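Note: the block below is start_11.cif and it holds mmCIF, C-alpha atoms.
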data_my_file
loop_
_atom_site.label_atom_id
_atom_site.label_comp_id
_atom_site.auth_asym_id
_atom_site.auth_seq_id
_atom_site.Cartn_x
_atom_site.Cartn_y
_atom_site.Cartn_z
CA MET R 570 -199.87 47.37 147.04
CA LYS R 571 -199.33 49.27 150.29
CA LEU R 572 -197.67 52.36 148.84
CA TRP R 573 -199.17 54.58 146.14
CA LYS R 574 -197.04 57.25 144.48
CA LEU R 575 -198.94 60.45 143.79
CA SER R 576 -197.73 63.12 141.39
CA ALA R 577 -196.50 66.19 143.26
CA GLY R 578 -199.58 68.16 142.20
CA THR R 579 -201.94 65.36 143.17
CA ASP R 580 -200.21 64.93 146.51
CA ALA R 581 -200.74 68.63 147.28
CA ILE R 582 -204.46 68.37 146.53
CA VAL R 583 -204.95 65.12 148.42
CA ALA R 584 -203.04 66.46 151.43
CA GLY R 585 -204.89 69.77 151.28
CA ARG R 586 -201.71 71.80 150.77
CA LYS R 587 -201.66 75.06 148.86
CA THR R 588 -199.61 75.02 145.67
CA ARG R 589 -197.98 77.75 143.64
CA SER R 590 -199.07 76.18 140.36
CA ASP R 591 -201.32 78.20 138.07
CA ALA R 592 -203.00 74.93 137.00
CA PRO R 593 -203.55 72.25 139.64
CA PRO R 594 -204.28 68.77 138.27
CA SER R 595 -207.91 68.01 137.50
CA THR R 596 -207.09 64.29 137.60
CA ALA R 597 -205.45 62.37 140.44
CA TYR R 598 -202.29 60.86 138.95
CA VAL R 599 -201.09 57.71 140.69
CA MET R 600 -198.03 55.61 139.84
CA LEU R 601 -197.90 52.03 141.08
CA GLY R 602 -194.88 49.73 141.10
CA GLU R 603 -191.10 49.93 141.15
CA ARG R 604 -188.95 49.97 138.03
CA CYS R 605 -190.39 48.69 134.78
CA ARG R 606 -189.20 45.46 133.19
CA ASN R 607 -189.29 47.26 129.83
CA ASN R 608 -186.53 49.56 128.65
CA CYS R 609 -188.14 52.45 126.77
CA ARG R 610 -185.39 54.91 125.85
CA PHE R 611 -187.46 57.96 126.80
CA CYS R 612 -188.69 56.76 130.18
CA THR R 613 -187.26 57.44 133.64
CA GLN R 614 -188.87 54.22 134.92
CA ALA R 615 -187.11 52.06 132.32
CA ARG R 616 -185.22 48.98 133.43
CA GLU R 617 -181.81 50.59 132.84
CA SER R 618 -182.75 54.16 133.71
CA GLY R 619 -180.46 56.07 136.05
CA ALA R 620 -183.26 58.33 137.29
CA GLY R 621 -184.72 58.06 140.77
CA ALA R 622 -187.54 55.60 141.36
CA ASN R 623 -189.85 58.48 142.26
CA MET R 624 -189.54 60.15 138.83
CA LEU R 625 -191.76 59.85 135.77
CA SER R 626 -191.17 62.35 132.96
CA ARG R 627 -190.54 65.71 134.68
CA VAL R 628 -192.77 64.92 137.65
CA THR R 629 -191.80 63.70 141.11
CA TRP R 630 -194.07 61.14 142.77
CA PRO R 631 -193.91 61.04 146.59
CA GLY R 632 -195.12 57.83 148.20
CA THR R 633 -198.30 57.71 150.28
CA ALA R 634 -199.94 54.85 152.14
CA ALA R 635 -202.60 53.33 149.88
CA ALA R 636 -205.48 53.80 152.32
CA GLU R 637 -204.52 57.43 152.89
CA ALA R 638 -204.21 58.08 149.15
CA ILE R 639 -207.59 56.49 148.41
CA ALA R 640 -209.33 58.46 151.16
CA GLY R 641 -207.71 61.70 150.01
CA ILE R 642 -208.66 61.14 146.38
CA ASP R 643 -212.27 60.44 147.34
CA THR R 644 -212.47 63.54 149.55
CA ALA R 645 -211.06 65.72 146.78
CA TYR R 646 -213.43 64.17 144.23
CA VAL R 647 -216.49 64.74 146.41
CA ALA R 648 -215.36 68.34 146.96
CA GLY R 649 -214.96 68.87 143.21
CA ARG R 650 -211.20 69.42 143.32
CA LEU R 651 -210.56 66.26 141.27
CA LYS R 652 -212.69 64.85 138.47
CA ARG R 653 -210.91 61.59 137.64
CA ALA R 654 -208.16 59.25 138.79
CA CYS R 655 -205.48 57.87 136.48
CA LEU R 656 -203.51 54.83 137.62
CA GLN R 657 -200.22 54.49 135.78
CA VAL R 658 -198.97 51.00 136.53
CA VAL R 659 -195.30 50.19 135.99
CA ASP R 660 -194.93 46.92 134.09
CA ASN R 661 -193.42 44.60 136.67
CA GLY R 662 -196.30 42.76 138.29
CA GLY R 663 -198.82 41.91 135.61
CA VAL R 664 -202.43 43.00 135.40
CA ALA R 665 -203.21 41.69 138.89
CA THR R 666 -201.55 44.72 140.52
CA ALA R 667 -203.60 47.11 138.42
CA ALA R 668 -206.87 45.22 138.98
CA ALA R 669 -206.37 45.14 142.76
CA ALA R 670 -205.67 48.88 142.88
CA VAL R 671 -208.72 49.68 140.74
CA ALA R 672 -210.92 47.50 142.93
CA SER R 673 -209.66 49.18 146.10
CA LEU R 674 -210.28 52.68 144.76
CA SER R 675 -213.65 51.82 143.22
CA ALA R 676 -214.86 50.23 146.43
CA ALA R 677 -214.18 53.45 148.34
CA SER R 678 -215.03 56.15 145.80
CA MET R 679 -217.22 57.02 142.83
CA VAL R 680 -214.33 58.79 141.10
CA PRO R 681 -214.02 57.69 137.42
CA VAL R 682 -210.84 55.66 136.99
CA CYS R 683 -208.57 55.27 133.98
CA VAL R 684 -205.79 52.66 134.02
CA SER R 685 -202.64 52.77 131.92
CA SER R 686 -201.07 49.36 132.34
CA HIS R 687 -199.20 46.77 130.31
CA LEU R 688 -201.85 44.39 129.00
CA GLU R 689 -201.36 41.17 127.09
CA THR R 690 -204.92 40.30 126.05
CA VAL R 691 -208.40 41.73 125.65
CA ALA R 692 -209.32 39.62 128.67
CA ASP R 693 -206.83 41.69 130.70
CA ALA R 694 -208.59 44.87 129.61
CA LYS R 695 -211.99 43.44 130.50
CA ARG R 696 -210.64 42.40 133.90
CA LEU R 697 -209.76 46.03 134.65
CA ILE R 698 -213.18 47.21 133.53
CA ALA R 699 -214.82 44.55 135.70
CA ALA R 700 -212.71 45.74 138.66
CA GLY R 701 -214.21 49.21 138.27
CA ALA R 702 -212.17 51.08 135.65
CA GLU R 703 -214.11 53.42 133.39
CA ARG R 704 -211.36 53.46 130.76
CA ILE R 705 -208.14 51.62 129.93
CA CYS R 706 -205.05 52.83 128.08
CA VAL R 707 -202.78 50.72 125.90
CA ALA R 708 -199.85 53.04 125.26
CA LEU R 709 -198.50 52.78 121.74
CA ASP R 710 -196.14 55.76 122.18
CA ALA R 711 -194.43 55.40 118.80
CA ALA R 712 -196.18 56.27 115.54
CA THR R 713 -194.50 53.63 113.37
CA PRO R 714 -192.97 50.15 113.70
CA GLN R 715 -189.52 51.54 112.88
CA VAL R 716 -189.66 54.22 115.57
CA TYR R 717 -191.08 51.69 118.03
CA SER R 718 -188.12 49.36 117.47
CA GLU R 719 -185.69 52.20 118.17
CA ALA R 720 -187.48 53.69 121.18
CA LYS R 721 -189.00 50.67 122.88
CA GLU R 722 -188.86 46.89 123.16
CA GLY R 723 -191.35 44.51 121.61
CA ASP R 724 -193.37 44.60 118.42
CA TRP R 725 -195.44 47.59 117.21
CA GLN R 726 -197.80 45.45 115.15
CA GLU R 727 -198.54 43.24 118.13
CA ARG R 728 -199.41 46.27 120.31
CA TRP R 729 -201.50 47.78 117.52
CA ARG R 730 -203.48 44.55 117.16
CA LEU R 731 -204.12 44.47 120.91
CA LEU R 732 -205.06 48.17 121.00
CA THR R 733 -207.57 47.84 118.18
CA ALA R 734 -208.98 44.59 119.57
CA CYS R 735 -209.56 46.29 122.93
CA ALA R 736 -211.23 49.22 121.19
CA ALA R 737 -213.57 46.84 119.34
CA ALA R 738 -214.41 44.92 122.51
CA LEU R 739 -214.80 48.02 124.71
CA PRO R 740 -216.10 50.79 122.43
CA GLY R 741 -215.56 54.30 123.72
CA ARG R 742 -213.46 53.13 126.67
CA VAL R 743 -209.96 52.78 125.19
CA SER R 744 -207.16 55.34 124.95
CA THR R 745 -203.57 55.35 123.76
CA HIS R 746 -200.55 57.64 124.06
CA LEU R 747 -198.53 58.95 121.12
CA ILE R 748 -195.28 60.84 121.67
CA VAL R 749 -194.18 63.46 119.16
CA GLY R 750 -190.42 63.67 118.68
CA LEU R 751 -189.24 60.05 118.88
CA GLY R 752 -188.04 60.11 115.27
CA GLU R 753 -191.25 59.95 113.25
CA THR R 754 -192.22 62.45 110.57
CA GLU R 755 -195.19 64.76 111.01
CA GLU R 756 -196.97 62.87 108.24
CA GLU R 757 -196.42 59.54 110.00
CA MET R 758 -197.81 60.95 113.23
CA ALA R 759 -200.85 62.31 111.42
CA ASP R 760 -201.42 58.89 109.85
CA ALA R 761 -201.15 57.17 113.25
CA ILE R 762 -203.60 59.58 114.88
CA ALA R 763 -206.06 59.16 112.00
CA ALA R 764 -205.84 55.36 112.26
CA CYS R 765 -206.54 55.50 115.99
CA ILE R 766 -209.51 57.83 115.68
CA GLU R 767 -210.96 55.71 112.87
CA LYS R 768 -210.94 52.78 115.33
CA GLY R 769 -212.62 54.82 118.08
CA ILE R 770 -209.43 55.13 120.13
CA THR R 771 -208.87 58.32 122.14
CA VAL R 772 -205.38 59.77 121.63
CA GLY R 773 -203.36 61.53 124.31
CA LEU R 774 -200.57 63.55 122.67
CA PHE R 775 -197.25 63.97 124.44
CA ALA R 776 -194.04 65.74 123.48
CA PHE R 777 -190.81 63.83 123.91
CA THR R 778 -189.21 65.20 127.06
CA PRO R 779 -185.49 64.64 127.69
CA VAL R 780 -185.06 63.83 131.37
CA LYS R 781 -181.85 63.15 133.27
CA GLY R 782 -181.33 59.44 133.81
CA ALA R 783 -183.29 58.25 130.76
CA ALA R 784 -181.36 56.69 127.86
CA TRP R 785 -182.34 59.52 125.54
CA ALA R 786 -181.64 62.29 128.02
CA ASP R 787 -179.30 64.02 125.57
CA ARG R 788 -181.82 64.21 122.75
CA SER R 789 -183.82 67.36 122.05
CA ALA R 790 -187.51 67.94 122.58
CA PRO R 791 -189.43 68.51 119.32
CA PRO R 792 -189.50 72.07 117.94
CA ILE R 793 -192.70 73.80 118.98
CA GLY R 794 -193.75 74.38 115.36
CA ARG R 795 -193.73 70.66 114.67
CA TYR R 796 -195.76 69.92 117.78
CA ARG R 797 -198.30 72.66 117.01
CA ARG R 798 -198.90 71.30 113.50
CA VAL R 799 -199.52 67.82 114.91
CA GLN R 800 -201.86 69.29 117.55
CA VAL R 801 -203.92 71.00 114.85
CA ALA R 802 -204.02 67.79 112.81
CA HIS R 803 -205.22 65.89 115.89
CA HIS R 804 -207.82 68.56 116.65
CA LEU R 805 -209.27 68.36 113.13
CA LEU R 806 -209.29 64.56 113.00
CA ARG R 807 -211.09 64.13 116.29
CA ARG R 808 -213.70 66.65 115.13
CA GLY R 809 -214.57 64.61 112.08
CA TYR R 810 -212.35 66.05 109.36
CA GLY R 811 -210.78 63.45 107.08
CA ARG R 812 -207.10 62.67 106.76
CA GLU R 813 -207.16 64.51 103.42
CA ALA R 814 -207.59 67.78 105.32
CA ILE R 815 -203.97 67.49 106.45
CA VAL R 816 -201.65 68.45 103.61
CA CYS R 817 -198.16 66.95 103.71
CA ARG R 818 -195.06 67.17 101.58
CA GLY R 819 -191.75 65.44 102.21
CA GLY R 820 -192.99 64.09 105.53
CA ALA R 821 -193.91 67.54 106.89
CA ILE R 822 -197.36 69.02 107.42
CA THR R 823 -197.41 71.98 105.05
CA GLY R 824 -201.00 73.14 105.45
CA PHE R 825 -204.61 72.26 106.19
CA ALA R 826 -207.36 72.06 103.56
CA VAL R 827 -209.98 73.56 105.87
CA THR R 828 -211.93 76.74 105.33
CA GLY R 829 -211.90 79.21 108.22
CA LEU R 830 -209.24 77.36 110.18
CA PRO R 831 -208.17 80.33 112.37
CA GLU R 832 -211.76 80.66 113.55
CA LEU R 833 -211.95 76.92 114.27
CA LEU R 834 -208.85 77.25 116.45
CA ALA R 835 -209.87 80.48 118.18
CA ASP R 836 -210.97 78.77 121.41
CA GLY R 837 -207.47 77.33 121.93
CA ALA R 838 -208.78 73.80 122.51
CA ALA R 839 -206.38 72.33 119.96
CA PHE R 840 -203.42 73.31 122.12
CA ARG R 841 -204.67 72.01 125.45
CA THR R 842 -203.77 68.66 127.00
CA SER R 843 -205.47 65.81 125.14
CA GLY R 844 -206.47 62.34 126.24
CA CYS R 845 -209.12 61.10 128.65
CA PRO R 846 -211.82 63.55 129.79
CA ASP R 847 -210.63 65.96 132.50
CA CYS R 848 -206.96 65.02 132.07
CA ASN R 849 -204.74 68.11 132.10
CA ARG R 850 -201.29 66.73 133.14
CA PRO R 851 -199.89 70.11 134.26
CA TYR R 852 -196.21 70.55 133.44
CA TYR R 853 -195.71 66.90 132.54
CA ASN R 854 -193.81 67.94 129.40
CA GLU R 855 -193.10 71.53 130.36
CA ARG R 856 -191.19 73.69 132.78
CA PRO R 857 -193.06 76.61 134.40
CA GLY R 858 -192.20 79.65 132.33
CA GLY R 859 -190.87 77.51 129.48
CA VAL R 860 -192.32 76.28 126.19
CA MET R 861 -195.92 75.14 126.67
CA TYR R 862 -196.50 72.06 124.56
CA ASN R 863 -199.82 71.16 126.24
CA TYR R 864 -201.69 73.92 128.04
CA PRO R 865 -203.29 72.49 131.23
CA ARG R 866 -205.96 75.20 131.33
CA LEU R 867 -207.93 77.56 129.12
CA LEU R 868 -205.69 79.68 126.93
CA THR R 869 -205.81 83.45 126.85
CA ALA R 870 -206.53 85.10 123.50
CA ALA R 871 -202.86 86.08 123.26
CA GLU R 872 -201.70 82.52 123.96
CA THR R 873 -204.04 81.14 121.32
CA ALA R 874 -202.82 83.66 118.74
CA ARG R 875 -199.22 82.75 119.55
CA ALA R 876 -199.92 78.99 119.28
CA ILE R 877 -201.55 79.49 115.87
CA ALA R 878 -198.59 81.56 114.72
CA GLU R 879 -196.20 78.84 115.96
CA CYS R 880 -197.81 76.42 113.49
CA GLU R 881 -196.10 78.46 110.75
CA VAL R 882 -198.57 77.30 108.06
CA ILE R 883 -201.83 78.97 109.12
CA GLY R 884 -203.14 82.42 108.22
CA GLY R 885 -200.40 83.32 105.78
CA GLY R 886 -197.53 81.65 107.64
CA ALA R 887 -195.21 80.90 104.71
CA ARG R 888 -192.72 78.58 106.36
CA ALA R 889 -193.64 74.92 106.51
CA VAL R 890 -190.60 73.45 108.23
CA ALA R 891 -187.89 76.06 107.95
CA GLY R 892 -186.06 76.44 111.22
CA ASP R 893 -187.30 73.12 112.65
#
The structure given in the file should be rewritten as structure tokens.
Amino acid sequence: MKLWKLSAGTDAIVAGRKTRSDAPPSTAYVMLGERCRNNCRFCTQARESGAGANMLSRVTWPGTAAAEAIAGIDTAYVAGRLKRACLQVVDNGGVATAAAAVASLSAASMVPVCVSSHLETVADAKRLIAAGAERICVALDAATPQVYSEAKEGDWQERWRLLTACAAALPGRVSTHLIVGLGETEEEMADAIAACIEKGITVGLFAFTPVKGAAWADRSAPPIGRYRRVQVAHHLLRRGYGREAIVCRGGAITGFAVTGLPELLADGAAFRTSGCPDCNRPYYNERPGGVMYNYPRLLTAAETARAIAECEVIGGGARAVAGD
């Protein structure tokens, strides 16, 4: 593929331009391909989306010649300005497109590469690893089969079987995406995260983001309280706490059976961007100055205190779901 689309933040780093962002990307984000053959209701790259071809979520992706993009990513990696590259491959050309891009980047740079691509088999995943990828992502997106059928095309159970088979074949090298706010309950999301972590699958949490041109552009983003509770659940699960530590009632997370939870959350890590190592996705789900679903940097003490308070069920917060 001759043209690579770099996220606006990545493009600024690769081109050596100064940015006004308070959190430049620590990963080079690259989008490959034109218009997806799938029709996910939340996605600006969906088959029937009315958004521009250079949009994904809230981010614009200017095109750059592949050779120039590869050289720029390597230079930034060697200089320490980037720590990883993430290739997000639109599903319209099969795994061959992804494998060729990985091979080109890996041949020119030592930067660790993660690939999020539509895969059909474990052999596809192994092909990407053989081409030079450190990690692969099979995006589940939806927490339940019912939500999957409403938000996406295809079969949730089929994707789950592939995701878990890849995780078994490539231990420690498989990630998935889960999006809060597609219609699932908090309890269902907690169950999905727990199932992934039990299988050794790294979870990247996203908030549903309404974007002009997508089918669900008129829907609302999830209330921050709901997202914070899921973030805390995720944080506890990936640190070895059992599913029983997350207390639910009527589909909502109403508390956490963990002693000293405010102290466990005091470093703010629970509220930062999750997913592959060194992935911070600045302002992918957020607007500068707006609600911060995923912090792309270390939180201040005040920001951490506010995020804990937004959970509404920690440290004496009496409301479980009121106002959501």
**Q.** Interatomic distance, atom CA of R:Lys695 to atom CA of R:Ser843 (Å, one decimal)
**A.** 23.9 Å
Q. Hey, what comes out of the PyMOL selection byres ((chain R and resi 580) around 9) on this file? Could you write it as a ChimeraX atom specification?
A. /R:574-579,581-586,597-598,630-633,638,641
(Q) Could you list, as a list of chain:residue names, every residue within 7 Å of stretch 721-728 of chain R, counting all atoms listed in the file and ignoring same-chain residues fewer than 6 positions away? (A) R:Asn607, R:Asn608, R:Cys609, R:Arg610, R:Leu709, R:Pro714
Q: Name the closest residue to R:Leu601 among the candidates R:Ala870, R:Met679, R:Ile642, R:Val659; distances are taken between atoms, counting all atoms listed in the file.
A: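 Result for the nearest residue to R:Leu601: R:Val659.
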Using only C-alpha atoms, which residues of stretch 720-796 of chain R come within 12 Å of stretch 823-833 of chain R, and what is the closest atom pair for each, with the distance in Å to one decimal? Give it as a Markdown table, sorted by chain and residue number.
| residue | atom | partner | partner_atom | distance |
| --- | --- | --- | --- | --- |
| R:Glu755 | CA | R:Thr823 | CA | 9.6 |
| R:Glu756 | CA | R:Thr823 | CA | 9.7 |
| R:Ala759 | CA | R:Phe825 | CA | 11.9 |
| R:Gly794 | CA | R:Thr823 | CA | 11.2 |
| R:Arg795 | CA | R:Thr823 | CA | 10.4 |
Q: Evaluate the PyMOL selection byres ((chain R and resi 856-860) around 12) and record the selected residues as an MDAnalysis selection string, following the chain and residue labels used in the document.
A: chainID R and resid 589:592 626:628 776 778:780 790:794 796:797 851:855 861:865 872 875:876 879
Q: Compare R:Val658, R:Ile639, R:Ala720, R:Ala871 by their minimum atom-to-atom distance to R:Ala784, counting only C-alpha atoms, and give me the closest one.
A: R:Ala720
Q.
Applying the PyMOL selection byres ((chain R and resi 763) around 10) to the file I just gave you, which residues come out? Please list them as a list in words.
A.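 So the PyMOL selection byres ((chain R and resi 763) around 10), applied here, picks out Glu757, Met758, Ala759, Asp760, Ala761, Ile762, Ala764, Cys765, Ile766, Glu767, Lys768, Gly769, Ile770, Val772, Ala802, His803, Leu805, Leu806, Arg807, Tyr810, Gly811 and Arg812 of chain R.
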Q) What does the distance from atom CA of R:Ser595 to atom CA of R:Thr842 come to in Å, to one decimal? A)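 One can read the atom CA of R:Ser595 to atom CA of R:Thr842 distance as 11.3 Å.
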Q.
Could you tell me how far atom CA of R:Glu703 sits from atom CA of R:Leu739, in Å to one decimal place?
A.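 Computed distance, atom CA of R:Leu739 to atom CA of R:Glu703, equals 10.2 Å.
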If the box runs along x, y and z of the file and leaves 4 Å on each side of stretch 710-722 of chain R, what are its centre and edge lengths in Å, one decimal, as AutoDock Vina command-line options?
--center_x -190.9 --center_y 51.6 --center_z 118.0 --size_x 18.5 --size_y 17.4 --size_z 18.3
Q | Best match for closeness to R:Cys612 among R:Leu732, R:Ala878, R:Val671, R:Ala783, counting only C-alpha atoms | A | R:Ala783
Q: Would you mind telling me which residue in R:Pro681, R:Gly773, R:Gly649, R:Gly663 lies nearest to R:Thr745 when using only C-alpha atoms?
A: R:Gly773
**Q.** Residue among R:Leu651, R:Leu731, R:Ala712, R:Ala699 lying closest to R:Val680, counting only C-alpha atoms
**A.**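 Among the listed residues, R:Leu651 lies closest to R:Val680.
When all atoms listed in the file are used to measure the gap to R:Leu774, the shortest distance among R:Ala700, R:Ile705, R:Ala738, R:Cys845 belongs to R:Cys845.
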